[in-house]
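To start, the structure under review is shown below, and the notes come after it.
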Amino acid sequence: MAVKHIKGNEIEGAASATEKLSLIDFSAAWCGPCKMLTPVLDKVSDDLDDKVSFYHLDVDESPDASSKFGIRGVPTMIVFHKGEEIDRMVGFRDRNALQTQLKNLADSKLV
Amino acid sequence: MDLKTGLVGSSSSISRELDLVIAGGGPAALAAALYAARYDIDHIVLESYQPGGQAALTAVIENYPGIKTITGGDIVATMKEQAESWGAVFDMSSLISADPFGDRIQIKADSSTYMTRNLIIATGAAPAKLGVPGEDKFYGRGVSYCATCDAPFFRDARVLVVGGGDSAVKEALHLSEFVSELVLIHRRDKFRAEPYLAQKLLSCGNCSVLWNTTLKEIKGDEGVEGAVLNTPEGEREMKFDGIFMYVGRKPATEPFSNLIELNDNGTVRTHNIVHTSRENVFAAGDVTDNDLRQIVTAVSDGARAASAVFDLLQ
């Protein structure tokens with residue numbers, strides 16, 4: 001599944017839309033590691049299609065949302081389950097590291 | 001073996017035979033990839049280790065000959081594009097281990113296993129942590145290792161920069177364009193940074209420097225609110241909204257500890273610039289023990305390493 005682009009007013013819905021986990025990637029066009037993370041998220045979203053929904057939010061496009069979630073560095077990935085924040089990852093993660101972390105979270109939260 | 005793909009073994013444990021694996025994604029690896037492709041060496045680049053490397057985290061590069069000024073992100077993107085245009089092959093898989101296998105090296109990645117005649121280690125180095133209380137707790141909540149990535153979140157804020165080398169001073173100068181006030185602390189009484197950068201920082205209007213000063217603790221609740229400093233006059237608590245750390249780098253050499261000799265600080269022990277303790281393993285860029293760690297030396301290492309592989313294959 002592809003990573004879906006959302007704006008600040010769509011975060012709440014995205015965070016609690018399904019039984020799956022939701023990952024929201026807060027990033028920016030001017031940030032090098034964010035650019036490197038994009039293909040990783042594309043791959044991992046395919047790998048974990050049945051466990052996690054993936055979203056991307058541009059912090060410049062939605063500054064209020066970034067402030068509301070206390071984002072002070074990009075990329076920051078927040079993982080939600082049924083609307084509740086269960087994990088936060090700051091900085092680049094490679095495919096293996098991200099996949100492992102999300103699998104562990106899914107195993108602990110999804111029946 | 002499938003002659004078309006070069007793959008051997010069952011689909012669950014696919015093993016591909018290659019002449020060269022390049023581990024890394026920064027300038028050293030990208031230069032090695034460019035040269036390997038032009039030498040027509042059968043290779044793959046496992047780039048998951050820090051794609052773009054430290055260079056991609058640098059705001060402005062002004063000391064790469066031939067290019068007056070460029071962002072770190074742009075220079076590595078161009079290097080990758082150039083390598084790909086010559087046929088360099090990239091794999092986003094993560095390198096898990098590298099072990100000797102007869103006269104070859106077995107590289108396990110998360111998606112496949114490669115059996116290679118040669119290896120170039122160009123996995124770079126990640127920013128080192130200082131290990132002070134609050135550092136992990138507030139990472140991403142005011143603590144940062146990348147001003148290029150995070151400076152816009154600190155507009156009109158008061159920030160602390162820790163370090164006195166090129167990276168610290170360069171990133172402090174970038175930050176100073178966003179923040180209202182910047183304090184840089186350095187444990188020595190003079191900069192290690194190149195004099196041009198040091199002078200620029202010392203004449204920056206909203207910057208100040210505290211010499212012989214170290215960071216003891218980061219204070220805050222939800223995010224960074226201040227820091228306790230050890231100064232020559234004693235302990236001092238100051239208010240900050242953000243803290244940027246540039247206190248050295250940790251080489252990414254863990255997967256190679258069974259393969260080659262490493263130095264106590266984790267860097268690859270090299271001789272003749274890119275040669276290691278194993279004849280068919282080379283090292284390039286920030287991962288080595290070479291003293292100058294710049295983009296210009298990293299690409300030089302990458303080119304030398306690919307050239308050495310080419311010679312071995314003849």
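In the structure tokens, each chain is lettered A, B, ... as it comes, each chain's residues begin at 1, and ligands are numbered from 1 in order of appearance.
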Tell me, counting only C-alpha atoms, for each residue of chain A within 12 Å of chain B, which pair of atoms is nearest and how far apart they are in Å to one decimal, in rows ordered by chain and increasing number, as a tab-separated table.
residue	atom	partner	partner_atom	distance
A:Phe26	CA	B:Gly140	CA	11.6
A:Ser27	CA	B:Cys149	CA	9.4
A:Ala28	CA	B:Cys149	CA	8.5
A:Ala29	CA	B:Cys149	CA	10.0
A:Trp30	CA	B:Cys149	CA	7.4
A:Cys31	CA	B:Cys149	CA	5.0
A:Gly32	CA	B:Gly73	CA	5.3
A:Pro33	CA	B:Ala56	CA	7.2
A:Cys34	CA	B:Cys149	CA	8.6
A:Lys35	CA	B:Gly73	CA	8.7
A:Met36	CA	B:Pro51	CA	6.5
A:Leu37	CA	B:Pro51	CA	9.0
A:Thr38	CA	B:Pro51	CA	11.5
A:Pro39	CA	B:Met92	CA	8.8
A:Val40	CA	B:Met92	CA	7.8
A:Leu41	CA	B:Met92	CA	11.5
A:Asp42	CA	B:Met92	CA	11.5
A:Lys43	CA	B:Met92	CA	9.2
A:Val44	CA	B:Met92	CA	11.2
A:Asp47	CA	B:Ser111	CA	11.7
A:Val59	CA	B:Phe153	CA	9.7
A:Asp60	CA	B:Pro152	CA	9.6
A:Pro63	CA	B:Phe153	CA	9.8
A:Asp64	CA	B:Phe153	CA	11.9
A:Ser66	CA	B:Phe153	CA	9.5
A:Ser67	CA	B:Phe153	CA	9.1
A:Phe69	CA	B:Arg141	CA	10.1
A:Gly70	CA	B:Arg141	CA	6.8
A:Ile71	CA	B:Arg141	CA	6.7
A:Arg72	CA	B:Arg141	CA	5.4
A:Gly73	CA	B:Asp150	CA	4.8
A:Val74	CA	B:Cys149	CA	6.1
A:Pro75	CA	B:Cys149	CA	8.1
A:Thr76	CA	B:Gly140	CA	7.4
A:Met77	CA	B:Gly140	CA	10.4
A:Ile78	CA	B:Gly140	CA	11.5
A:Arg88	CA	B:Gly140	CA	9.1
A:Met89	CA	B:Gly140	CA	8.4
A:Val90	CA	B:Gly140	CA	5.7
A:Gly91	CA	B:Gly140	CA	8.1
A:Phe92	CA	B:Gln50	CA	7.7
A:Arg93	CA	B:Gln50	CA	8.4
A:Asp94	CA	B:Ser48	CA	5.6
A:Arg95	CA	B:Ser94	CA	6.8
A:Asn96	CA	B:Ser94	CA	5.9
A:Ala97	CA	B:Ser94	CA	8.3
A:Leu98	CA	B:Ser94	CA	10.7
A:Gln99	CA	B:Asp110	CA	10.5
A:Thr100	CA	B:Asp110	CA	10.8
Would you list the contacts of Asp49 (chain A) as a PyMOL selection string, taking every protein, DNA or RNA residue within 12 Å and counting only C-alpha atoms, but skipping same-chain residues closer than 6 positions in sequence? chain A and resi 1-3+20-23+41-43+99+102-103+106
Write a file of the just-selected residues containing N, CA and C atoms, as a JSON list (two decimals), in the first residue's frame.
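Result went into again_22.json, see below:
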[["chain", "number", "residue", "atom", "x", "y", "z"],
["A", 1, "MET", "N", 0.85, -1.19, 0.00],
["A", 1, "MET", "CA", 0.00, 0.00, 0.00],
["A", 1, "MET", "C", 0.88, 1.24, 0.00],
["A", 2, "ALA", "N", 0.47, 2.25, -0.72],
["A", 2, "ALA", "CA", 1.28, 3.47, -0.80],
["A", 2, "ALA", "C", 1.13, 4.29, 0.49],
["A", 3, "VAL", "N", 2.03, 5.22, 0.65],
["A", 3, "VAL", "CA", 1.95, 6.14, 1.79],
["A", 3, "VAL", "C", 1.02, 7.28, 1.39],
["A", 20, "LYS", "N", -5.92, -1.49, 12.35],
["A", 20, "LYS", "CA", -4.46, -1.59, 12.16],
["A", 20, "LYS", "C", -3.75, -0.46, 12.92],
["A", 21, "LEU", "N", -2.43, -0.55, 13.01],
["A", 21, "LEU", "CA", -1.65, 0.57, 13.52],
["A", 21, "LEU", "C", -1.60, 1.64, 12.44],
["A", 22, "SER", "N", -1.39, 2.89, 12.85],
["A", 22, "SER", "CA", -1.21, 3.98, 11.88],
["A", 22, "SER", "C", 0.13, 4.64, 12.15],
["A", 23, "LEU", "N", 0.91, 4.81, 11.11],
["A", 23, "LEU", "CA", 2.19, 5.53, 11.25],
["A", 23, "LEU", "C", 2.07, 6.83, 10.49],
["A", 41, "LEU", "N", 9.86, 4.05, 3.51],
["A", 41, "LEU", "CA", 8.45, 3.96, 3.90],
["A", 41, "LEU", "C", 7.63, 3.29, 2.80],
["A", 42, "ASP", "N", 7.95, 3.60, 1.55],
["A", 42, "ASP", "CA", 7.22, 2.96, 0.44],
["A", 42, "ASP", "C", 7.37, 1.43, 0.51],
["A", 43, "LYS", "N", 8.60, 0.98, 0.75],
["A", 43, "LYS", "CA", 8.87, -0.47, 0.81],
["A", 43, "LYS", "C", 8.17, -1.09, 2.01],
["A", 99, "GLN", "N", 10.99, -2.02, 9.95],
["A", 99, "GLN", "CA", 10.09, -3.17, 9.84],
["A", 99, "GLN", "C", 10.05, -3.95, 11.16],
["A", 102, "LEU", "N", 8.11, -1.98, 13.88],
["A", 102, "LEU", "CA", 6.67, -1.96, 13.63],
["A", 102, "LEU", "C", 6.06, -3.35, 13.84],
["A", 103, "LYS", "N", 6.79, -4.39, 13.46],
["A", 103, "LYS", "CA", 6.28, -5.76, 13.66],
["A", 103, "LYS", "C", 6.11, -6.03, 15.15],
["A", 106, "ALA", "N", 3.11, -4.20, 16.36],
["A", 106, "ALA", "CA", 1.89, -4.84, 15.88],
["A", 106, "ALA", "C", 1.62, -6.12, 16.68]]
Which residues are near region 123-129 of chain B? Cut-off 8 Å, only C-alpha atoms, ignore same chain within fewer than 4 positions. Put them as a list of chain:residue names. B:Ala23, B:Gly24, B:Gly25, B:Gly26, B:Ala29, B:Tyr49, B:Gln50, B:Gly53, B:Gln54, B:Glu135, B:Tyr145, B:Met245, B:Tyr246, B:Val247, B:Gly248, B:Arg249, B:Lys250, B:Pro251, B:Ala252, B:Thr253, B:Gly285, B:Asp286, B:Val287
Output for the residues just chosen: N, CA and C atoms as an mmCIF file, in the first residue's frame:
data_model
loop_
_atom_site.group_PDB
_atom_site.id
_atom_site.type_symbol
_atom_site.label_atom_id
_atom_site.label_comp_id
_atom_site.auth_asym_id
_atom_site.auth_seq_id
_atom_site.Cartn_x
_atom_site.Cartn_y
_atom_site.Cartn_z
ATOM 1 N N ALA B 23 29.315 -1.497 0.827
ATOM 2 C CA ALA B 23 28.389 -1.267 1.933
ATOM 3 C C ALA B 23 28.435 0.211 2.303
ATOM 4 N N GLY B 24 27.303 0.901 2.167
ATOM 5 C CA GLY B 24 27.249 2.317 2.528
ATOM 6 C C GLY B 24 26.514 3.126 1.483
ATOM 7 N N GLY B 25 26.166 4.350 1.852
ATOM 8 C CA GLY B 25 25.387 5.165 0.916
ATOM 9 C C GLY B 25 25.837 6.609 0.847
ATOM 10 N N GLY B 26 26.964 6.930 1.478
ATOM 11 C CA GLY B 26 27.464 8.308 1.461
ATOM 12 C C GLY B 26 28.431 8.532 0.307
ATOM 13 N N ALA B 29 30.932 5.632 -0.623
ATOM 14 C CA ALA B 29 30.278 4.502 -1.294
ATOM 15 C C ALA B 29 29.836 4.894 -2.704
ATOM 16 N N TYR B 49 22.729 1.531 5.131
ATOM 17 C CA TYR B 49 23.466 2.187 6.201
ATOM 18 C C TYR B 49 23.571 3.675 5.892
ATOM 19 N N GLN B 50 22.773 4.474 6.532
ATOM 20 C CA GLN B 50 22.851 5.932 6.378
ATOM 21 C C GLN B 50 22.925 6.401 4.931
ATOM 22 N N GLY B 53 24.848 9.458 3.915
ATOM 23 C CA GLY B 53 25.907 9.641 4.906
ATOM 24 C C GLY B 53 25.800 10.965 5.654
ATOM 25 N N GLN B 54 26.881 11.306 6.332
ATOM 26 C CA GLN B 54 26.918 12.568 7.087
ATOM 27 C C GLN B 54 26.756 13.764 6.155
ATOM 28 N N GLU B 135 19.575 13.430 27.613
ATOM 29 C CA GLU B 135 19.900 13.410 26.179
ATOM 30 C C GLU B 135 18.943 12.498 25.391
ATOM 31 N N TYR B 145 20.856 16.331 16.602
ATOM 32 C CA TYR B 145 22.230 16.148 16.113
ATOM 33 C C TYR B 145 22.335 16.691 14.684
ATOM 34 N N MET B 245 24.052 18.769 19.435
ATOM 35 C CA MET B 245 25.289 18.097 19.860
ATOM 36 C C MET B 245 26.189 17.748 18.675
ATOM 37 N N TYR B 246 27.451 18.135 18.775
ATOM 38 C CA TYR B 246 28.460 17.748 17.764
ATOM 39 C C TYR B 246 29.734 17.354 18.493
ATOM 40 N N VAL B 247 29.710 16.163 19.084
ATOM 41 C CA VAL B 247 30.807 15.755 19.967
ATOM 42 C C VAL B 247 31.546 14.534 19.416
ATOM 43 N N GLY B 248 31.627 14.440 18.119
ATOM 44 C CA GLY B 248 32.342 13.324 17.506
ATOM 45 C C GLY B 248 31.398 12.366 16.804
ATOM 46 N N ARG B 249 31.981 11.312 16.268
ATOM 47 C CA ARG B 249 31.202 10.361 15.484
ATOM 48 C C ARG B 249 31.538 8.934 15.865
ATOM 49 N N LYS B 250 30.523 8.073 15.721
ATOM 50 C CA LYS B 250 30.708 6.657 16.047
ATOM 51 C C LYS B 250 30.705 5.872 14.737
ATOM 52 N N PRO B 251 31.844 5.224 14.392
ATOM 53 C CA PRO B 251 31.890 4.505 13.113
ATOM 54 C C PRO B 251 30.949 3.298 13.093
ATOM 55 N N ALA B 252 30.329 3.067 11.937
ATOM 56 C CA ALA B 252 29.368 1.962 11.798
ATOM 57 C C ALA B 252 30.106 0.712 11.333
ATOM 58 N N THR B 253 30.798 0.070 12.264
ATOM 59 C CA THR B 253 31.636 -1.076 11.883
ATOM 60 C C THR B 253 31.239 -2.384 12.571
ATOM 61 N N GLY B 285 36.293 6.441 3.456
ATOM 62 C CA GLY B 285 35.496 7.503 4.083
ATOM 63 C C GLY B 285 35.588 7.546 5.597
ATOM 64 N N ASP B 286 34.523 8.028 6.230
ATOM 65 C CA ASP B 286 34.524 8.286 7.676
ATOM 66 C C ASP B 286 34.700 7.037 8.536
ATOM 67 N N VAL B 287 34.515 5.871 7.954
ATOM 68 C CA VAL B 287 34.618 4.631 8.722
ATOM 69 C C VAL B 287 36.083 4.254 8.988
#
Among listed residues B:Leu20, B:Ala198, B:Ala283, B:Ile218, nearest Leu262 (chain B) (using only C-alpha atoms): B:Ala283
Could you name the residues that touch Leu182 (chain B) at 6 Å or less, counting only C-alpha atoms, but leaving out those on the same chain fewer than 2 positions away, as an MDAnalysis selection string? chainID B and resid 158:160 207
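Comparing the minimum interatomic distances between Asp136 (chain B) and each of B:Glu217, B:Glu177, B:Asp166, B:Glu171, counting only C-alpha atoms, we find that B:Glu217 sits nearest.
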If we count only C-alpha atoms and set the cut-off at 12 Å, which residues sit around Asp291 (chain B), ignoring sequence neighbours fewer than 6 positions away in its own chain? Please answer as an NGL selection string. :B and (267 or 269-270 or 273 or 285 or 297-298)
Selection from above, N, CA and C atoms, as a short mmCIF file (atom, residue, chain, number, x, y, z; two decimals), in the first residue's frame, can you write it?
data_model
loop_
_atom_site.label_atom_id
_atom_site.label_comp_id
_atom_site.auth_asym_id
_atom_site.auth_seq_id
_atom_site.Cartn_x
_atom_site.Cartn_y
_atom_site.Cartn_z
N THR B 267 36.98 2.41 14.51
CA THR B 267 37.28 2.67 13.09
C THR B 267 38.01 1.47 12.49
N ARG B 269 40.98 -0.35 10.85
CA ARG B 269 42.44 -0.14 10.80
C ARG B 269 42.89 -0.26 9.35
N THR B 270 43.43 0.82 8.80
CA THR B 270 43.81 0.80 7.39
C THR B 270 45.33 0.99 7.22
N ILE B 273 46.01 3.79 2.90
CA ILE B 273 44.76 4.55 2.82
C ILE B 273 43.50 3.70 2.84
N GLY B 285 36.29 6.44 3.46
CA GLY B 285 35.50 7.50 4.08
C GLY B 285 35.59 7.55 5.60
N THR B 297 37.89 13.80 0.72
CA THR B 297 38.74 12.63 1.01
C THR B 297 37.92 11.34 0.90
N ALA B 298 36.63 11.41 1.24
CA ALA B 298 35.77 10.23 1.15
C ALA B 298 35.65 9.75 -0.30
#
What's around Thr116 (chain B) at 8 Å? Count only C-alpha atoms, leave out sequence neighbours fewer than 4 positions away in its own chain, and write the answer as a list in words. Glu17, Leu18, Asp19, Leu20, Val21, Arg104, Ile105, Gln106 and Ile107 of chain B
Selection from above, N, CA and C atoms, as a PDB file, in the first residue's frame, can you write it?
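result.pdb, written as the output of this step:
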ATOM      1  N   GLU B  17      26.135 -14.386  -6.416  1.00  0.00           N
ATOM      2  CA  GLU B  17      27.597 -14.272  -6.494  1.00  0.00           C
ATOM      3  C   GLU B  17      27.980 -12.974  -7.186  1.00  0.00           C
ATOM      4  N   LEU B  18      28.904 -12.264  -6.569  1.00  0.00           N
ATOM      5  CA  LEU B  18      29.314 -10.962  -7.109  1.00  0.00           C
ATOM      6  C   LEU B  18      30.824 -10.806  -7.014  1.00  0.00           C
ATOM      7  N   ASP B  19      31.356  -9.860  -7.768  1.00  0.00           N
ATOM      8  CA  ASP B  19      32.779  -9.532  -7.633  1.00  0.00           C
ATOM      9  C   ASP B  19      32.991  -8.496  -6.534  1.00  0.00           C
ATOM     10  N   LEU B  20      31.953  -7.703  -6.256  1.00  0.00           N
ATOM     11  CA  LEU B  20      32.125  -6.629  -5.274  1.00  0.00           C
ATOM     12  C   LEU B  20      30.800  -6.246  -4.613  1.00  0.00           C
ATOM     13  N   VAL B  21      30.839  -6.135  -3.281  1.00  0.00           N
ATOM     14  CA  VAL B  21      29.735  -5.515  -2.533  1.00  0.00           C
ATOM     15  C   VAL B  21      30.277  -4.221  -1.938  1.00  0.00           C
ATOM     16  N   ARG B 104      36.251 -15.998  -0.159  1.00  0.00           N
ATOM     17  CA  ARG B 104      35.205 -15.007  -0.439  1.00  0.00           C
ATOM     18  C   ARG B 104      34.615 -14.473   0.865  1.00  0.00           C
ATOM     19  N   ILE B 105      33.645 -13.600   0.711  1.00  0.00           N
ATOM     20  CA  ILE B 105      32.990 -13.032   1.890  1.00  0.00           C
ATOM     21  C   ILE B 105      31.491 -13.234   1.732  1.00  0.00           C
ATOM     22  N   GLN B 106      30.899 -13.757   2.798  1.00  0.00           N
ATOM     23  CA  GLN B 106      29.442 -13.945   2.765  1.00  0.00           C
ATOM     24  C   GLN B 106      28.784 -12.751   3.436  1.00  0.00           C
ATOM     25  N   ILE B 107      27.962 -12.056   2.671  1.00  0.00           N
ATOM     26  CA  ILE B 107      27.268 -10.884   3.199  1.00  0.00           C
ATOM     27  C   ILE B 107      25.799 -11.236   3.369  1.00  0.00           C
TER      28      ILE B 107
END
Residue nearest Leu130 (chain B) - candidates B:Phe282, B:Phe244, B:Tyr114, B:Phe310, atoms counted: only C-alpha atoms: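 The shortest atom-to-atom distance to Leu130 (chain B) comes from B:Phe244.
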Quick one: pick out all strand (DSSP E) residues within region 213-276 of chain B from a backbone DSSP run and write them as a count of residues only. 28
Mind the document's chain letters and residue numbers, and return as a VMD selection string the residues of region 19-220 of chain B that DSSP labels alpha helix (DSSP H). chain B and resid 27 to 38 72 to 85 147 to 150 166 to 176 195 to 202
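Neighbouring residues of Ala31 (chain B) at 9 Å or closer, counting only C-alpha atoms and skipping chain neighbours under 5 positions away, are Gly26, Ala36, Met79, Lys80, Ala83, Ala298, Val299, Ser300, Asp301, Gly302, Ala303 and Ala306 of chain B.
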Generate the output file for the selected residues, C-alpha atoms, as an mmCIF file, in the first residue's frame.
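Contents of the output file out16.cif:
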data_model
loop_
_atom_site.group_PDB
_atom_site.id
_atom_site.type_symbol
_atom_site.label_atom_id
_atom_site.label_comp_id
_atom_site.auth_asym_id
_atom_site.auth_seq_id
_atom_site.Cartn_x
_atom_site.Cartn_y
_atom_site.Cartn_z
ATOM 1 C CA GLY B 26 27.464 8.308 1.461
ATOM 2 C CA ALA B 36 33.077 0.144 -10.032
ATOM 3 C CA MET B 79 26.567 11.631 -6.919
ATOM 4 C CA LYS B 80 23.979 8.844 -6.817
ATOM 5 C CA ALA B 83 26.732 6.521 -10.428
ATOM 6 C CA ALA B 298 35.773 10.228 1.153
ATOM 7 C CA VAL B 299 35.294 10.269 -2.624
ATOM 8 C CA SER B 300 39.036 9.866 -3.087
ATOM 9 C CA ASP B 301 38.971 6.786 -0.807
ATOM 10 C CA GLY B 302 35.988 5.367 -2.704
ATOM 11 C CA ALA B 303 37.726 5.762 -6.056
ATOM 12 C CA ALA B 306 37.230 0.506 -6.444
#
